[in-house]
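Asks: Got a structure here, written out as structure tokens. Questions coming.
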Amino acid sequence: MAVGVTAKLKIQEGKNEEFEGTFAKLAEAVITNEGGCNFYALHKSRTDAQTYIVLEQYVDEEALNAHGETEYFLSLFAEMAGLMAAAPEIEYMDAI
């Protein structure tokens, strides 16, 4: 069963451009290397310029777990964490 994920990310003031650039590197690596990822896309709130939502879907739980263990995810997420104003809010969902 496919697994959906949303990640709500609050970014520090003045760090948007750096965050978006780092996320673009991560998204490229995910799309290029993870056949079990159906989509991985960043969206910016229309009402709060510091809020981003990542929409993700994986073919199954195994693909989701593999994503979180990749070297590029661990490295680039560590970079992005330094740009965040708060801990990410993550929600996991089962596809219907």
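Residues are referred to by chain and number: the chain letter is A, B, ... according to the order shown in the structure tokens, the number counts from 1 in that chain, and ligands are numbered separately from 1 in the order shown.
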What's around Ile31 in chain A at 12 Å? Count only C-alpha atoms, leave out sequence neighbours fewer than 3 positions away in its own chain, and write the answer as a short mmCIF file (atom, residue, chain, number, x, y, z; two decimals) with C-alpha atoms, in the first residue's frame.
Replies:
```
data_model
loop_
_atom_site.label_atom_id
_atom_site.label_comp_id
_atom_site.auth_asym_id
_atom_site.auth_seq_id
_atom_site.Cartn_x
_atom_site.Cartn_y
_atom_site.Cartn_z
CA ALA A 24 16.08 21.52 -4.73
CA LYS A 25 19.27 19.44 -4.38
CA LEU A 26 17.44 16.96 -2.14
CA ALA A 27 14.44 16.70 -4.47
CA GLU A 28 16.72 16.07 -7.46
CA GLU A 34 14.46 6.52 -5.49
CA GLY A 35 12.29 4.42 -7.78
CA GLY A 36 9.98 3.80 -4.82
CA CYS A 37 9.11 7.50 -4.53
CA ASN A 38 6.04 8.46 -6.59
CA PHE A 39 6.41 12.19 -5.92
CA TYR A 40 8.40 14.58 -3.77
CA ALA A 41 7.45 18.22 -4.10
CA GLU A 56 5.58 12.94 -0.67
CA GLN A 57 4.33 9.52 -1.69
CA TYR A 58 6.15 6.19 -1.62
CA HIS A 67 14.39 7.30 1.79
CA TYR A 72 21.96 12.52 0.66
CA PHE A 73 18.78 12.81 2.77
#
```
Asks: What lies within 10 Å of range 45-51 of chain A using only C-alpha atoms, ignoring chain neighbours under 4 positions off, as a ChimeraX atom specification?
Replies: /A:8-16,84-85
Asks: Write the selection just made, keeping N, CA and C atoms, as a compact mmCIF listing (two decimals), in the first residue's frame?
Replies:
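Result file selection_2.txt:
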```txt
# COMPACT_ATOMS: atom_id res chain seq x y z
N LYS A 8 5.43 19.78 7.30
CA LYS A 8 5.27 21.23 7.41
C LYS A 8 6.55 21.78 8.01
N LEU A 9 7.18 22.70 7.30
CA LEU A 9 8.48 23.24 7.69
C LEU A 9 8.39 24.75 7.85
N LYS A 10 8.78 25.24 9.02
CA LYS A 10 8.85 26.69 9.28
C LYS A 10 10.31 27.10 9.16
N ILE A 11 10.57 28.08 8.29
CA ILE A 11 11.93 28.51 7.98
C ILE A 11 12.22 29.87 8.63
N GLN A 12 13.45 30.04 9.08
CA GLN A 12 13.86 31.31 9.69
C GLN A 12 13.74 32.44 8.68
N GLU A 13 13.40 33.62 9.18
CA GLU A 13 13.34 34.83 8.34
C GLU A 13 14.68 35.01 7.62
N GLY A 14 14.61 35.35 6.35
CA GLY A 14 15.81 35.62 5.58
C GLY A 14 16.54 34.38 5.08
N LYS A 15 16.03 33.19 5.35
CA LYS A 15 16.70 31.95 4.96
C LYS A 15 15.97 31.22 3.84
N ASN A 16 14.93 31.82 3.28
CA ASN A 16 14.11 31.15 2.26
C ASN A 16 14.92 30.71 1.04
N MET A 84 15.75 26.05 9.78
CA MET A 84 14.37 25.98 10.26
C MET A 84 14.19 26.75 11.55
N ALA A 85 12.98 27.29 11.71
CA ALA A 85 12.63 28.04 12.91
C ALA A 85 11.98 27.14 13.97
```
Asks: Report the residues of range 19-82 of chain A whose backbone DSSP state falls under alpha helix (DSSP H), written as a PyMOL selection string.
Replies: chain A and resi 19-33+61-69+71-81
Asks: Restricted to N, CA and C atoms, what would the selected residues look like written as an mmCIF file, in the first residue's frame?
Replies:
```cif
data_model
loop_
_atom_site.group_PDB
_atom_site.id
_atom_site.type_symbol
_atom_site.label_atom_id
_atom_site.label_comp_id
_atom_site.auth_asym_id
_atom_site.auth_seq_id
_atom_site.Cartn_x
_atom_site.Cartn_y
_atom_site.Cartn_z
ATOM 1 N N PHE A 19 17.206 27.846 1.881
ATOM 2 C CA PHE A 19 16.406 26.641 2.106
ATOM 3 C C PHE A 19 15.924 26.053 0.777
ATOM 4 N N GLU A 20 15.357 26.890 -0.079
ATOM 5 C CA GLU A 20 14.826 26.406 -1.358
ATOM 6 C C GLU A 20 15.933 25.795 -2.218
ATOM 7 N N GLY A 21 17.118 26.379 -2.207
ATOM 8 C CA GLY A 21 18.237 25.827 -2.973
ATOM 9 C C GLY A 21 18.667 24.466 -2.453
ATOM 10 N N THR A 22 18.735 24.332 -1.140
ATOM 11 C CA THR A 22 19.121 23.046 -0.545
ATOM 12 C C THR A 22 18.042 22.004 -0.804
ATOM 13 N N PHE A 23 16.778 22.403 -0.671
ATOM 14 C CA PHE A 23 15.694 21.445 -0.930
ATOM 15 C C PHE A 23 15.718 20.993 -2.389
ATOM 16 N N ALA A 24 16.021 21.889 -3.306
ATOM 17 C CA ALA A 24 16.077 21.519 -4.726
ATOM 18 C C ALA A 24 17.115 20.418 -4.955
ATOM 19 N N LYS A 25 18.244 20.494 -4.275
ATOM 20 C CA LYS A 25 19.266 19.439 -4.378
ATOM 21 C C LYS A 25 18.713 18.113 -3.857
ATOM 22 N N LEU A 26 18.016 18.174 -2.722
ATOM 23 C CA LEU A 26 17.440 16.962 -2.144
ATOM 24 C C LEU A 26 16.389 16.370 -3.078
ATOM 25 N N ALA A 27 15.496 17.190 -3.580
ATOM 26 C CA ALA A 27 14.439 16.697 -4.468
ATOM 27 C C ALA A 27 15.030 16.046 -5.717
ATOM 28 N N GLU A 28 16.071 16.653 -6.279
ATOM 29 C CA GLU A 28 16.723 16.073 -7.457
ATOM 30 C C GLU A 28 17.300 14.695 -7.133
ATOM 31 N N ALA A 29 17.945 14.575 -5.981
ATOM 32 C CA ALA A 29 18.525 13.286 -5.587
ATOM 33 C C ALA A 29 17.443 12.241 -5.361
ATOM 34 N N VAL A 30 16.356 12.630 -4.715
ATOM 35 C CA VAL A 30 15.259 11.692 -4.463
ATOM 36 C C VAL A 30 14.660 11.212 -5.780
ATOM 37 N N ILE A 31 14.334 12.137 -6.662
ATOM 38 C CA ILE A 31 13.702 11.788 -7.940
ATOM 39 C C ILE A 31 14.629 10.932 -8.796
ATOM 40 N N THR A 32 15.918 11.222 -8.773
ATOM 41 C CA THR A 32 16.892 10.482 -9.576
ATOM 42 C C THR A 32 17.161 9.081 -9.034
ATOM 43 N N ASN A 33 17.193 8.936 -7.710
ATOM 44 C CA ASN A 33 17.680 7.697 -7.106
ATOM 45 C C ASN A 33 16.634 6.801 -6.459
ATOM 46 N N GLU A 61 5.921 1.107 2.639
ATOM 47 C CA GLU A 61 6.651 1.486 3.846
ATOM 48 C C GLU A 61 8.156 1.282 3.687
ATOM 49 N N GLU A 62 8.539 0.230 2.982
ATOM 50 C CA GLU A 62 9.956 -0.057 2.757
ATOM 51 C C GLU A 62 10.631 1.079 1.991
ATOM 52 N N ALA A 63 9.961 1.596 0.972
ATOM 53 C CA ALA A 63 10.521 2.711 0.191
ATOM 54 C C ALA A 63 10.634 3.970 1.046
ATOM 55 N N LEU A 64 9.642 4.221 1.901
ATOM 56 C CA LEU A 64 9.693 5.363 2.807
ATOM 57 C C LEU A 64 10.875 5.234 3.764
ATOM 58 N N ASN A 65 11.041 4.056 4.349
ATOM 59 C CA ASN A 65 12.148 3.844 5.281
ATOM 60 C C ASN A 65 13.497 3.993 4.587
ATOM 61 N N ALA A 66 13.616 3.484 3.365
ATOM 62 C CA ALA A 66 14.868 3.595 2.609
ATOM 63 C C ALA A 66 15.203 5.064 2.345
ATOM 64 N N HIS A 67 14.190 5.871 2.047
ATOM 65 C CA HIS A 67 14.391 7.301 1.790
ATOM 66 C C HIS A 67 15.090 7.973 2.974
ATOM 67 N N GLY A 68 14.597 7.708 4.177
ATOM 68 C CA GLY A 68 15.134 8.350 5.371
ATOM 69 C C GLY A 68 16.532 7.902 5.749
ATOM 70 N N GLU A 69 17.012 6.836 5.121
ATOM 71 C CA GLU A 69 18.342 6.304 5.440
ATOM 72 C C GLU A 69 19.399 6.651 4.396
ATOM 73 N N GLU A 71 22.196 8.606 2.293
ATOM 74 C CA GLU A 71 23.238 9.549 2.684
ATOM 75 C C GLU A 71 22.862 10.979 2.303
ATOM 76 N N TYR A 72 22.307 11.165 1.101
ATOM 77 C CA TYR A 72 21.959 12.519 0.662
ATOM 78 C C TYR A 72 20.828 13.097 1.508
ATOM 79 N N PHE A 73 19.845 12.282 1.908
ATOM 80 C CA PHE A 73 18.783 12.807 2.769
ATOM 81 C C PHE A 73 19.365 13.249 4.110
ATOM 82 N N LEU A 74 20.152 12.382 4.734
ATOM 83 C CA LEU A 74 20.719 12.710 6.041
ATOM 84 C C LEU A 74 21.583 13.967 5.974
ATOM 85 N N SER A 75 22.388 14.087 4.943
ATOM 86 C CA SER A 75 23.286 15.229 4.793
ATOM 87 C C SER A 75 22.522 16.523 4.504
ATOM 88 N N LEU A 76 21.639 16.484 3.511
ATOM 89 C CA LEU A 76 20.931 17.700 3.119
ATOM 90 C C LEU A 76 19.884 18.107 4.149
ATOM 91 N N PHE A 77 19.254 17.131 4.816
ATOM 92 C CA PHE A 77 18.302 17.492 5.858
ATOM 93 C C PHE A 77 19.020 18.178 7.017
ATOM 94 N N ALA A 78 20.227 17.737 7.320
ATOM 95 C CA ALA A 78 21.008 18.399 8.374
ATOM 96 C C ALA A 78 21.269 19.858 8.003
ATOM 97 N N GLU A 79 21.552 20.123 6.740
ATOM 98 C CA GLU A 79 21.746 21.509 6.286
ATOM 99 C C GLU A 79 20.458 22.308 6.452
ATOM 100 N N MET A 80 19.340 21.719 6.033
ATOM 101 C CA MET A 80 18.049 22.412 6.111
ATOM 102 C C MET A 80 17.625 22.643 7.559
ATOM 103 N N ALA A 81 17.952 21.716 8.437
ATOM 104 C CA ALA A 81 17.566 21.847 9.846
ATOM 105 C C ALA A 81 18.128 23.130 10.452
#
```
Asks: Go through A:Ala86, A:Ala95, A:Val3, A:Leu42 one by one, measure the shortest atom-to-atom distance of each to Val54 in chain A using only C-alpha atoms, and give the residue with the smallest value.
Replies: A:Leu42
Asks: Hey, can you check how far CA of Val5 in chain A sits from CA of Gly82 in chain A?
Replies: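 We find that CA of Val5 in chain A and CA of Gly82 in chain A lie 21.6 Å from each other.
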Asks: Extract the full set of strand (DSSP E or B) residues from chain A according to DSSP on the backbone, and format it as a VMD selection string.
Replies: chain A and resid 3 to 11 37 to 44 51 to 58 84 89 to 94
Asks: Between CA of Pro88 in chain A and CA of Thr6 in chain A, what is the spacing in Å?
Replies: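 Those two atoms sit 9.8 Å apart.
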Asks: Restricting the calculation to only C-alpha atoms: of A:Glu18, A:Asp94, A:His43, A:Ala87, which residue gets closest to Asp60 in chain A?
Replies: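 Nearest candidate to Asp60 in chain A out of A:Glu18, A:Asp94, A:His43, A:Ala87: A:Asp94.
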